[in-house]
file target14.txt (compact mmCIF, C-alpha atoms and all ligand atoms)
# COMPACT_ATOMS: atom_id res chain seq x y z
CA MET A 27 -12.79 3.41 20.22
CA ALA A 28 -12.84 0.86 23.04
CA ALA A 29 -9.65 -0.76 24.35
CA GLN A 30 -10.30 -4.10 22.64
CA ASP A 31 -11.01 -2.63 19.22
CA VAL A 32 -8.75 -3.67 16.42
CA ILE A 33 -7.55 -2.04 13.21
CA LEU A 34 -6.82 -4.68 10.59
CA VAL A 35 -4.17 -3.62 8.04
CA PHE A 36 -4.06 -5.86 4.97
CA ASP A 37 -1.64 -6.33 2.08
CA SER A 38 -0.28 -9.10 -0.12
CA GLY A 39 3.07 -8.83 1.66
CA LEU A 40 5.27 -6.38 3.54
CA GLY A 41 4.30 -3.23 1.63
CA GLY A 42 1.36 -2.53 3.92
CA LEU A 43 3.85 -1.95 6.73
CA THR A 44 4.54 1.45 5.13
CA VAL A 45 0.90 2.31 5.78
CA TYR A 46 0.84 0.61 9.20
CA ARG A 47 3.77 2.71 10.47
CA GLU A 48 1.88 5.93 9.68
CA ILE A 49 -1.35 4.70 11.28
CA ILE A 50 0.35 3.52 14.47
CA ALA A 51 2.19 6.87 14.69
CA ALA A 52 -1.23 8.56 14.60
CA ARG A 53 -2.95 6.00 16.90
CA PRO A 54 -0.24 4.58 19.19
CA ALA A 55 -2.72 3.13 21.68
CA ALA A 56 -4.78 1.17 19.15
CA ASN A 57 -4.62 -2.61 18.70
CA PHE A 58 -3.58 -3.83 15.29
CA VAL A 59 -3.62 -7.01 13.27
CA TYR A 60 -1.26 -6.83 10.31
CA VAL A 61 -2.22 -9.40 7.68
CA ALA A 62 0.02 -10.32 4.76
CA ASP A 63 -1.47 -12.69 2.21
CA ASP A 64 2.07 -13.71 1.32
CA ALA A 65 0.98 -17.18 0.20
CA ALA A 66 -0.61 -15.38 -2.79
CA PHE A 67 2.11 -12.72 -3.36
CA PRO A 68 2.39 -10.96 -5.79
CA TYR A 69 -1.18 -9.79 -6.40
CA GLY A 70 0.17 -7.86 -9.39
CA ALA A 71 0.57 -11.15 -11.24
CA MET A 72 -2.83 -12.57 -10.24
CA ASP A 73 -5.74 -12.79 -12.63
CA GLU A 74 -8.40 -10.13 -11.84
CA ALA A 75 -11.22 -12.64 -12.03
CA ALA A 76 -9.51 -14.80 -9.41
CA LEU A 77 -8.30 -11.98 -7.16
CA VAL A 78 -11.72 -10.54 -6.28
CA PRO A 79 -13.35 -13.77 -4.98
CA HIS A 80 -10.07 -14.70 -3.26
CA LEU A 81 -10.07 -11.37 -1.38
CA VAL A 82 -13.76 -11.53 -0.47
CA THR A 83 -13.41 -15.05 0.96
CA LEU A 84 -10.17 -14.35 2.84
CA MET A 85 -11.52 -11.09 4.27
CA GLY A 86 -14.62 -12.92 5.53
CA ASP A 87 -12.40 -15.31 7.48
CA LEU A 88 -10.26 -12.48 8.84
CA ILE A 89 -13.27 -10.45 9.96
CA ALA A 90 -14.80 -13.50 11.67
CA THR A 91 -11.51 -14.23 13.46
CA HIS A 92 -10.35 -10.73 14.46
CA HIS A 93 -13.58 -8.66 14.64
CA PRO A 94 -11.92 -5.47 13.37
CA GLU A 95 -13.41 -2.05 14.00
CA LEU A 96 -11.97 -0.94 10.68
CA VAL A 97 -10.05 -2.57 7.81
CA VAL A 98 -7.32 -0.81 5.85
CA ILE A 99 -6.61 -2.35 2.46
CA ALA A 100 -2.99 -1.20 2.30
CA CYS A 101 -2.60 -2.42 -1.26
CA ASN A 102 -3.33 -0.54 -4.48
CA THR A 103 -3.57 -3.73 -6.53
CA ALA A 104 -6.35 -5.04 -4.29
CA SER A 105 -8.10 -1.72 -3.60
CA THR A 106 -8.44 -0.71 -7.26
CA ILE A 107 -10.31 -3.91 -8.09
CA ALA A 108 -12.02 -5.27 -4.95
CA LEU A 109 -13.18 -2.38 -2.75
CA PRO A 110 -16.78 -2.29 -4.08
CA ASP A 111 -17.17 -6.07 -3.58
CA LEU A 112 -15.68 -5.97 -0.09
CA ARG A 113 -17.96 -3.09 0.92
CA LYS A 114 -20.96 -4.94 -0.49
CA ALA A 115 -20.08 -8.16 1.37
CA TYR A 116 -19.21 -6.75 4.85
CA THR A 117 -20.46 -3.94 7.05
CA VAL A 118 -17.09 -3.08 8.65
CA PRO A 119 -15.68 0.18 7.23
CA PHE A 120 -12.91 -0.24 4.65
CA VAL A 121 -10.24 2.37 3.93
CA GLY A 122 -8.54 1.70 0.60
CA THR A 123 -5.23 2.72 -0.94
CA VAL A 124 -5.50 4.03 -4.48
CA PRO A 125 -3.03 5.94 -6.68
CA ALA A 126 -2.58 9.51 -5.37
CA ILE A 127 -3.20 11.06 -8.79
CA LYS A 128 -5.33 13.92 -7.49
CA PRO A 129 -2.73 15.45 -5.10
CA ALA A 130 0.09 14.71 -7.57
CA CYS A 131 -1.59 16.60 -10.40
CA ALA A 132 -2.66 19.39 -8.07
CA SER A 133 0.91 20.02 -6.93
CA SER A 134 3.00 19.31 -10.07
CA VAL A 135 4.70 22.48 -11.27
CA THR A 136 6.01 21.09 -14.59
CA ARG A 137 2.64 19.35 -15.29
CA ARG A 138 4.49 16.05 -15.88
CA VAL A 139 3.43 13.30 -13.47
CA SER A 140 4.26 9.59 -13.55
CA VAL A 141 2.33 6.85 -11.79
CA LEU A 142 4.48 3.87 -10.77
CA GLY A 143 2.52 0.77 -9.74
CA THR A 144 2.16 -2.93 -10.35
CA GLU A 145 1.26 -3.84 -13.92
CA ALA A 146 -2.23 -4.70 -12.67
CA THR A 147 -2.83 -1.34 -10.92
CA ILE A 148 -1.62 0.56 -13.98
CA LYS A 149 -4.07 -1.32 -16.23
CA ARG A 150 -7.09 -0.84 -13.99
CA GLU A 151 -10.14 1.08 -15.14
CA TYR A 152 -10.11 2.68 -11.67
CA THR A 153 -6.67 4.22 -12.33
CA ARG A 154 -7.74 5.52 -15.77
CA ALA A 155 -10.83 7.05 -14.21
CA LEU A 156 -8.69 8.91 -11.62
CA ILE A 157 -6.64 10.36 -14.47
CA ASP A 158 -9.75 11.41 -16.42
CA LYS A 159 -11.13 13.07 -13.33
CA PHE A 160 -8.07 14.73 -11.79
CA ALA A 161 -5.20 15.08 -14.31
CA GLY A 162 -6.46 18.35 -15.77
CA ASP A 163 -3.68 19.71 -18.01
CA CYS A 164 -1.05 17.34 -16.55
CA ARG A 165 0.60 14.82 -18.83
CA VAL A 166 0.37 11.54 -16.89
CA THR A 167 2.71 8.63 -17.71
CA LEU A 168 1.65 5.21 -16.44
CA VAL A 169 4.51 2.88 -15.54
CA GLY A 170 3.73 -0.74 -14.62
CA SER A 171 6.52 -2.60 -12.85
CA LYS A 172 6.62 -6.37 -12.77
CA LEU A 173 9.55 -6.62 -10.37
CA LEU A 174 9.75 -3.67 -7.97
CA ALA A 175 7.40 -5.04 -5.27
CA GLY A 176 9.48 -8.21 -5.14
CA TYR A 177 12.66 -6.12 -4.94
CA ALA A 178 11.18 -4.29 -1.94
CA GLU A 179 10.42 -7.62 -0.25
CA SER A 180 14.03 -8.75 -0.84
CA GLU A 181 15.38 -5.47 0.53
CA LEU A 182 13.40 -5.87 3.74
CA ALA A 183 14.46 -9.51 3.99
CA GLY A 184 18.09 -8.32 3.99
CA ALA A 185 18.90 -9.43 0.42
CA PRO A 186 18.80 -6.17 -1.58
CA VAL A 187 18.92 -6.35 -5.37
CA ASP A 188 21.52 -4.19 -7.11
CA ASP A 189 21.07 -0.56 -8.08
CA GLU A 190 20.99 -1.27 -11.83
CA ALA A 191 17.95 -3.53 -11.44
CA VAL A 192 16.02 -0.92 -9.42
CA ALA A 193 17.08 1.90 -11.77
CA ALA A 194 15.79 -0.05 -14.80
CA GLU A 195 12.33 -0.42 -13.21
CA ILE A 196 11.98 3.31 -12.46
CA ALA A 197 13.63 4.69 -15.63
CA PRO A 198 10.35 4.99 -17.67
CA CYS A 199 8.98 7.38 -15.01
CA PHE A 200 11.44 10.08 -15.97
CA ILE A 201 10.21 11.93 -19.03
CA ASP A 202 12.16 14.85 -20.44
CA ASP A 203 10.40 16.26 -23.48
CA GLY A 204 11.90 19.68 -22.93
CA VAL A 205 10.00 19.74 -19.65
CA ARG A 206 10.83 17.21 -16.95
CA THR A 207 8.66 15.00 -14.77
CA ASP A 208 8.60 16.52 -11.28
CA THR A 209 6.26 14.09 -9.46
CA VAL A 210 6.15 10.29 -9.26
CA VAL A 211 3.15 8.69 -7.54
CA LEU A 212 4.19 5.60 -5.58
CA ALA A 213 1.08 3.57 -6.45
CA CYS A 214 2.20 0.40 -4.67
CA THR A 215 2.64 0.31 -0.91
CA HIS A 216 5.84 -1.71 -1.31
CA TYR A 217 7.71 1.11 -3.01
CA PRO A 218 8.21 3.42 0.01
CA LEU A 219 10.28 0.54 1.46
CA LEU A 220 12.82 1.51 -1.22
CA LEU A 221 12.44 5.27 -0.77
CA ASP A 222 16.09 6.10 -0.04
CA ARG A 223 17.24 4.14 -3.07
CA LEU A 224 14.55 5.60 -5.32
CA ARG A 225 15.72 9.09 -4.30
CA ARG A 226 19.34 8.21 -4.90
CA LEU A 227 18.74 6.51 -8.25
CA ALA A 228 16.36 9.11 -9.69
CA PRO A 229 18.09 10.81 -12.65
CA TRP A 230 16.89 14.15 -11.25
CA PRO A 231 15.10 15.09 -8.03
CA VAL A 232 11.34 14.53 -8.07
CA ASN A 233 8.58 14.47 -5.49
CA LEU A 234 7.97 10.78 -4.69
CA LEU A 235 4.39 10.76 -3.46
CA ASP A 236 3.64 8.22 -0.72
CA PRO A 237 -0.08 8.15 0.17
CA ALA A 238 0.43 6.57 3.62
CA PRO A 239 0.22 9.79 5.70
CA ALA A 240 -3.08 10.68 4.00
CA ILE A 241 -4.43 7.18 4.71
CA ALA A 242 -3.47 7.51 8.38
CA ARG A 243 -5.35 10.83 8.57
CA ARG A 244 -8.41 9.22 6.99
CA VAL A 245 -8.30 6.33 9.49
CA SER A 246 -7.98 8.75 12.40
CA ASP A 247 -10.91 10.84 11.14
CA LEU A 248 -13.10 7.74 10.85
CA LEU A 249 -12.18 6.48 14.33
CA GLY A 250 -12.71 9.83 16.01
CA PRO A 251 -10.68 11.10 18.96
CA PRO A 252 -8.79 8.37 20.86
CA SER A 253 -10.12 7.52 24.29
CA PRO A 254 -7.99 9.27 26.98
CA THR A 255 -8.01 6.06 29.06
CA GLN A 256 -6.70 3.83 26.26
CA ARG A 257 -3.12 2.72 26.87
CA GLY A 258 -0.51 1.10 24.59
CA GLY A 259 -2.08 -1.44 22.23
CA THR A 260 -0.65 -4.57 20.66
CA THR A 261 0.11 -5.61 17.10
CA ARG A 262 -0.28 -9.17 15.89
CA ALA A 263 1.06 -10.28 12.54
CA VAL A 264 -0.71 -12.89 10.44
CA PHE A 265 1.05 -14.35 7.40
CA THR A 266 -1.00 -16.68 5.23
CA SER A 267 2.15 -18.67 4.37
CA GLY A 268 2.53 -19.48 8.06
CA HIS A 269 6.04 -18.00 8.03
CA PRO A 270 6.12 -14.46 9.46
CA PRO A 271 9.45 -12.77 8.60
CA THR A 272 10.43 -11.92 12.15
CA ALA A 273 13.47 -9.74 11.39
CA ALA A 274 11.54 -7.58 8.93
CA LEU A 275 8.64 -7.22 11.37
CA ALA A 276 11.02 -6.23 14.16
CA ARG A 277 12.11 -3.25 12.05
CA PHE A 278 8.54 -2.01 12.32
CA GLY A 279 8.38 -2.63 16.06
CA ILE A 280 6.30 -5.80 15.71
CA GLY A 281 7.60 -8.35 18.19
CA THR A 282 8.14 -11.96 17.24
CA ASN A 283 6.13 -13.14 20.22
CA THR A 284 3.05 -11.54 18.64
CA ALA A 285 3.66 -12.88 15.13
CA VAL A 286 1.28 -15.72 14.50
CA ALA A 287 0.50 -18.22 11.75
CA PRO A 288 -2.31 -18.02 9.22
CA ALA A 289 -5.91 -17.12 9.85
CA ARG A 290 -7.10 -20.06 7.79
N1 LIG B 1 1.55 -3.75 -2.13
C1 LIG B 1 0.77 -4.01 -3.29
C2 LIG B 1 0.20 -2.70 -3.86
O1 LIG B 1 0.10 -1.69 -3.18
C3 LIG B 1 1.33 -4.79 -4.44
C4 LIG B 1 2.23 -5.93 -4.38
C5 LIG B 1 1.76 -7.15 -5.15
O2 LIG B 1 1.91 -7.21 -6.40
O3 LIG B 1 1.22 -8.02 -4.49
O4 LIG B 1 -0.19 -2.68 -5.00
call {"tool": "encode", "arguments": {"input": "target14.txt", "output": "structure tokens", "more": "lines below"}}
Ligand code: DGL
result
Amino acid sequence: MAAQDVILVFDSGLGGLTVYREIIAARPAANFVYVADDAAFPYGAMDEAALVPHLVTLMGDLIATHHPELVVIACNTASTIALPDLRKAYTVPFVGTVPAIKPACASSVTRRVSVLGTEATIKREYTRALIDKFAGDCRVTLVGSKLLAGYAESELAGAPVDDEAVAAEIAPCFIDDGVRTDTVVLACTHYPLLLDRLRRLAPWPVNLLDPAPAIARRVSDLLGPPSPTQRGGTTRAVFTSGHPPTAALARFGIGTNTAVAPAR
């Protein structure tokens, strides 16, 4: 990878930062553009038919502006519906984020796995197909949350919602039919932003599966070994609203001087 090459990490909001922090830990010398389509947040509430053309058009503008070497769609809601169209439209490699049902079902001891995502991700054909393919003898419970991604945004903005509200969103994940759920797939990149609270509010300890480390490994494999001459890269932040949340970005080491207004 040459010094000027850029990894573009994309989400509807701040959730993709949970993927970005793993990738930058693996590739500290790379240059990044973090793009949040916050003007359209939440994708979970957007009509499928509108979301796909919206993503294809926006990605075209972003690719033309930033010339990424690789694009990471750090959003399950977008990846589970738009990856084929994005790959058809553009030659740049895309790494998607999809529910980690395969590793969850491979490692569950009690054979009770829950998948917690946006209502849209939970309804997707793509998610059902992963269950058909990889659940085996696991009983998989799908839990669509309307509010949790927004709660994660509030938490990062310094206005956390109360415990009861978070507990109500995660409660359906915990099945006890004589045998208890032992694994919850975090199928929305926003949810690891709430990881400490999810652990604390879980009625019993479970494995909360965050796919970000696996995505970072995949990105590193695709890029190949880093050049020994490449030194510390930069990260720019692009928010389609034109209002980058500087305090939240600073928590991920993204400086305000590099946070810029929309691509379009
Ligand atoms: N971060 C997104 C995901 O992984 C979802 C948030 C939204 O609804 O826009 O699904």
call {"tool": "closest_residue", "arguments": {"input": "target14.txt", "among": "A:Val139, A:Cys199, A:Leu173, A:Ala56", "to": "ligand LIG 1 (chain B)", "atoms": "only C-alpha atoms and all ligand atoms"}}
result
A:Leu173
call {"tool": "residues_near_point", "arguments": {"input": "target14.txt", "point": "(0.0, 8.9, 9.8)", "cutoff": "10 Å", "atoms": "all atoms listed in the file", "output": "VMD selection string"}}
result
chain A and resid 44 to 53 237 to 246
call {"tool": "axis_aligned_box", "arguments": {"input": "target14.txt", "around": "ligand LIG 1 (chain B)", "padding_each_side": "8 Å", "output": "JSON"}}
result
{"center_x": 1.0, "center_y": -4.9, "center_z": -4.3, "size_x": 18.4, "size_y": 22.3, "size_z": 20.3}
call {"tool": "atom_distance", "arguments": {"input": "target14.txt", "atom1": "atom CA of Val97 of chain A", "atom2": "atom CA of Lys172 of chain A"}}
result
26.8 Å
call {"tool": "closest_atom_pairs", "arguments": {"input": "target14.txt", "of": "chain A", "to": "ligand LIG 1 (chain B)", "cutoff": "8 Å", "atoms": "all atoms listed in the file", "output": "Markdown table"}}
result
| residue | atom | partner | partner_atom | distance |
| --- | --- | --- | --- | --- |
| A:Asp37 | CA | B:LIG1 | N1 | 5.9 |
| A:Ser38 | CA | B:LIG1 | O3 | 4.7 |
| A:Gly39 | CA | B:LIG1 | O3 | 6.5 |
| A:Leu40 | CA | B:LIG1 | N1 | 7.3 |
| A:Gly41 | CA | B:LIG1 | N1 | 4.7 |
| A:Gly42 | CA | B:LIG1 | N1 | 6.2 |
| A:Ala66 | CA | B:LIG1 | O3 | 7.8 |
| A:Phe67 | CA | B:LIG1 | O3 | 4.9 |
| A:Pro68 | CA | B:LIG1 | O3 | 3.4 |
| A:Tyr69 | CA | B:LIG1 | O3 | 3.5 |
| A:Gly70 | CA | B:LIG1 | O2 | 3.5 |
| A:Ala71 | CA | B:LIG1 | O2 | 6.4 |
| A:Ala100 | CA | B:LIG1 | O1 | 6.3 |
| A:Cys101 | CA | B:LIG1 | O1 | 3.4 |
| A:Asn102 | CA | B:LIG1 | O4 | 3.8 |
| A:Thr103 | CA | B:LIG1 | O4 | 3.9 |
| A:Ala104 | CA | B:LIG1 | O4 | 6.6 |
| A:Thr123 | CA | B:LIG1 | O1 | 7.3 |
| A:Gly143 | CA | B:LIG1 | O4 | 6.5 |
| A:Thr144 | CA | B:LIG1 | O2 | 5.8 |
| A:Ala146 | CA | B:LIG1 | O2 | 7.9 |
| A:Thr147 | CA | B:LIG1 | O4 | 6.6 |
| A:Lys172 | CA | B:LIG1 | O2 | 8.0 |
| A:Ala175 | CA | B:LIG1 | C4 | 5.3 |
| A:Gly176 | CA | B:LIG1 | C4 | 7.6 |
| A:Ala213 | CA | B:LIG1 | O1 | 6.3 |
| A:Cys214 | CA | B:LIG1 | O1 | 3.3 |
| A:Thr215 | CA | B:LIG1 | O1 | 4.0 |
| A:His216 | CA | B:LIG1 | N1 | 4.8 |
| A:Tyr217 | CA | B:LIG1 | N1 | 7.9 |
call {"tool": "write_last_selection", "arguments": {"input": "target14.txt", "atoms": "C-alpha atoms", "output": "compact mmCIF listing (two decimals), in the coordinates of the input"}}
result
# COMPACT_ATOMS: atom_id res chain seq x y z
CA ASP A 37 -1.64 -6.33 2.08
CA SER A 38 -0.28 -9.10 -0.12
CA GLY A 39 3.07 -8.83 1.66
CA LEU A 40 5.27 -6.38 3.54
CA GLY A 41 4.30 -3.23 1.63
CA GLY A 42 1.36 -2.53 3.92
CA ALA A 66 -0.61 -15.38 -2.79
CA PHE A 67 2.11 -12.72 -3.36
CA PRO A 68 2.39 -10.96 -5.79
CA TYR A 69 -1.18 -9.79 -6.40
CA GLY A 70 0.17 -7.86 -9.39
CA ALA A 71 0.57 -11.15 -11.24
CA ALA A 100 -2.99 -1.20 2.30
CA CYS A 101 -2.60 -2.42 -1.26
CA ASN A 102 -3.33 -0.54 -4.48
CA THR A 103 -3.57 -3.73 -6.53
CA ALA A 104 -6.35 -5.04 -4.29
CA THR A 123 -5.23 2.72 -0.94
CA GLY A 143 2.52 0.77 -9.74
CA THR A 144 2.16 -2.93 -10.35
CA ALA A 146 -2.23 -4.70 -12.67
CA THR A 147 -2.83 -1.34 -10.92
CA LYS A 172 6.62 -6.37 -12.77
CA ALA A 175 7.40 -5.04 -5.27
CA GLY A 176 9.48 -8.21 -5.14
CA ALA A 213 1.08 3.57 -6.45
CA CYS A 214 2.20 0.40 -4.67
CA THR A 215 2.64 0.31 -0.91
CA HIS A 216 5.84 -1.71 -1.31
CA TYR A 217 7.71 1.11 -3.01
call {"tool": "atom_distance", "arguments": {"input": "target14.txt", "atom1": "atom CA of Val187 of chain A", "atom2": "atom CA of Ala228 of chain A"}}
result
16.3 Å
call {"tool": "closest_residue", "arguments": {"input": "target14.txt", "among": "A:Ala126, A:Leu227, A:Met85, A:Val169", "to": "Ile99 of chain A", "atoms": "all atoms listed in the file"}}
result
A:Met85
call {"tool": "closest_atom_pairs", "arguments": {"input": "target14.txt", "of": "segment 174-241 of chain A", "to": "segment 274-280 of chain A", "cutoff": "9 Å", "atoms": "all atoms listed in the file", "output": "Markdown table"}}
result
| residue | atom | partner | partner_atom | distance |
| --- | --- | --- | --- | --- |
| A:Leu182 | CA | A:Ala274 | CA | 5.8 |
| A:Ala183 | CA | A:Ala274 | CA | 6.1 |
| A:Gly184 | CA | A:Ala274 | CA | 8.2 |
call {"tool": "write_last_selection", "arguments": {"input": "target14.txt", "atoms": "C-alpha atoms", "output": "compact mmCIF listing (two decimals), in the frame of the given file"}}
result
# COMPACT_ATOMS: atom_id res chain seq x y z
CA LEU A 182 13.40 -5.87 3.74
CA ALA A 183 14.46 -9.51 3.99
CA GLY A 184 18.09 -8.32 3.99
call {"tool": "atom_distance", "arguments": {"input": "target14.txt", "atom1": "atom CA of Pro110 of chain A", "atom2": "atom CA of Leu249 of chain A"}}
result
20.9 Å
call {"tool": "residues_around", "arguments": {"input": "target14.txt", "residues": "Ala65 of chain A", "least_positions_apart": "6", "cutoff": "10 Å", "atoms": "only C-alpha atoms", "output": "PyMOL selection string"}}
result
chain A and resi 38-39+265-269+288
call {"tool": "residues_near_point", "arguments": {"input": "target14.txt", "point": "(-16.0, -3.1, -2.1)", "cutoff": "10 Å", "atoms": "all atoms listed in the file", "output": "MDAnalysis selection string"}}
result
chainID A and resid 78 82 105:116 119:122
call {"tool": "closest_residue", "arguments": {"input": "target14.txt", "among": "A:Ala75, A:Leu219, A:Leu224, A:Val205", "to": "Val135 of chain A", "atoms": "only C-alpha atoms"}}
result
A:Val205
call {"tool": "closest_residue", "arguments": {"input": "target14.txt", "among": "A:Leu156, A:Leu81, A:Ile89, A:Leu234", "to": "Ser140 of chain A", "atoms": "all atoms listed in the file"}}
result
A:Leu234
call {"tool": "residues_around", "arguments": {"input": "target14.txt", "residues": "Val59 of chain A", "least_positions_apart": "3", "cutoff": "10 Å", "atoms": "only C-alpha atoms", "output": "number ranges by chain"}}
result
A: 32-36, 46, 62, 88, 92, 94, 97, 260-264, 284-285
call {"tool": "residues_around", "arguments": {"input": "target14.txt", "residues": "Ala161 of chain A", "least_positions_apart": "4", "cutoff": "7 Å", "atoms": "all atoms listed in the file", "output": "PDB file with C-alpha atoms, keeping the file's coordinate frame"}}
result
ATOM      1  CA  LYS A 128      -5.330  13.920  -7.490  1.00  0.00           C
ATOM      2  CA  CYS A 131      -1.590  16.600 -10.400  1.00  0.00           C
ATOM      3  CA  ILE A 157      -6.640  10.360 -14.470  1.00  0.00           C
TER       4      ILE A 157
END
call {"tool": "closest_residue", "arguments": {"input": "target14.txt", "among": "A:Leu212, A:Asp63, A:Met72, A:Gln256", "to": "Leu84 of chain A", "atoms": "all atoms listed in the file"}}
result
A:Asp63
call {"tool": "closest_residue", "arguments": {"input": "target14.txt", "among": "A:Pro252, A:Pro270, A:Pro218, A:Gly86", "to": "Val118 of chain A", "atoms": "all atoms listed in the file"}}
result
A:Gly86
call {"tool": "build_atoms", "arguments": {"input": "target14.txt", "residues": "segment 124-131 of chain A", "atoms": "all heavy atoms", "output": "CSV table (one decimal), in the coordinates of the input"}}
result
chain,number,residue,atom,x,y,z
A,124,VAL,N,-5.4,3.9,-3.0
A,124,VAL,CA,-5.5,4.0,-4.5
A,124,VAL,C,-4.5,5.1,-5.0
A,124,VAL,O,-4.1,5.9,-4.2
A,124,VAL,CB,-6.9,4.4,-4.9
A,124,VAL,CG1,-7.9,3.3,-4.5
A,124,VAL,CG2,-7.4,5.7,-4.5
A,125,PRO,N,-4.1,5.0,-6.2
A,125,PRO,CA,-3.0,5.9,-6.7
A,125,PRO,C,-3.4,7.4,-6.4
A,125,PRO,O,-4.4,7.9,-6.7
A,125,PRO,CB,-3.0,5.7,-8.2
A,125,PRO,CG,-3.4,4.2,-8.3
A,125,PRO,CD,-4.5,4.1,-7.3
A,126,ALA,N,-2.4,8.1,-5.8
A,126,ALA,CA,-2.6,9.5,-5.4
A,126,ALA,C,-2.5,10.5,-6.5
A,126,ALA,O,-1.7,11.4,-6.5
A,126,ALA,CB,-1.6,9.8,-4.3
A,127,ILE,N,-3.3,10.3,-7.6
A,127,ILE,CA,-3.2,11.1,-8.8
A,127,ILE,C,-3.7,12.5,-8.6
A,127,ILE,O,-3.2,13.5,-9.1
A,127,ILE,CB,-4.0,10.3,-9.9
A,127,ILE,CG1,-3.1,9.1,-10.3
A,127,ILE,CG2,-4.2,11.2,-11.1
A,127,ILE,CD1,-3.9,8.0,-11.1
A,128,LYS,N,-4.7,12.6,-7.7
A,128,LYS,CA,-5.3,13.9,-7.5
A,128,LYS,C,-4.3,14.9,-6.8
A,128,LYS,O,-4.0,16.0,-7.4
A,128,LYS,CB,-6.6,13.8,-6.6
A,128,LYS,CG,-7.3,15.1,-6.4
A,128,LYS,CD,-8.5,14.8,-5.5
A,128,LYS,CE,-9.2,16.1,-5.2
A,128,LYS,NZ,-10.4,16.0,-4.3
A,129,PRO,N,-3.7,14.5,-5.7
A,129,PRO,CA,-2.7,15.4,-5.1
A,129,PRO,C,-1.5,15.6,-6.0
A,129,PRO,O,-0.9,16.7,-6.0
A,129,PRO,CB,-2.4,14.8,-3.8
A,129,PRO,CG,-2.8,13.4,-3.8
A,129,PRO,CD,-3.9,13.4,-4.8
A,130,ALA,N,-1.1,14.6,-6.7
A,130,ALA,CA,0.1,14.7,-7.6
A,130,ALA,C,-0.2,15.8,-8.7
A,130,ALA,O,0.7,16.6,-8.9
A,130,ALA,CB,0.4,13.4,-8.2
A,131,CYS,N,-1.3,15.7,-9.3
A,131,CYS,CA,-1.6,16.6,-10.4
A,131,CYS,C,-1.9,18.0,-9.9
A,131,CYS,O,-1.6,19.0,-10.5
A,131,CYS,CB,-2.7,16.1,-11.3
A,131,CYS,SG,-2.2,14.6,-12.2
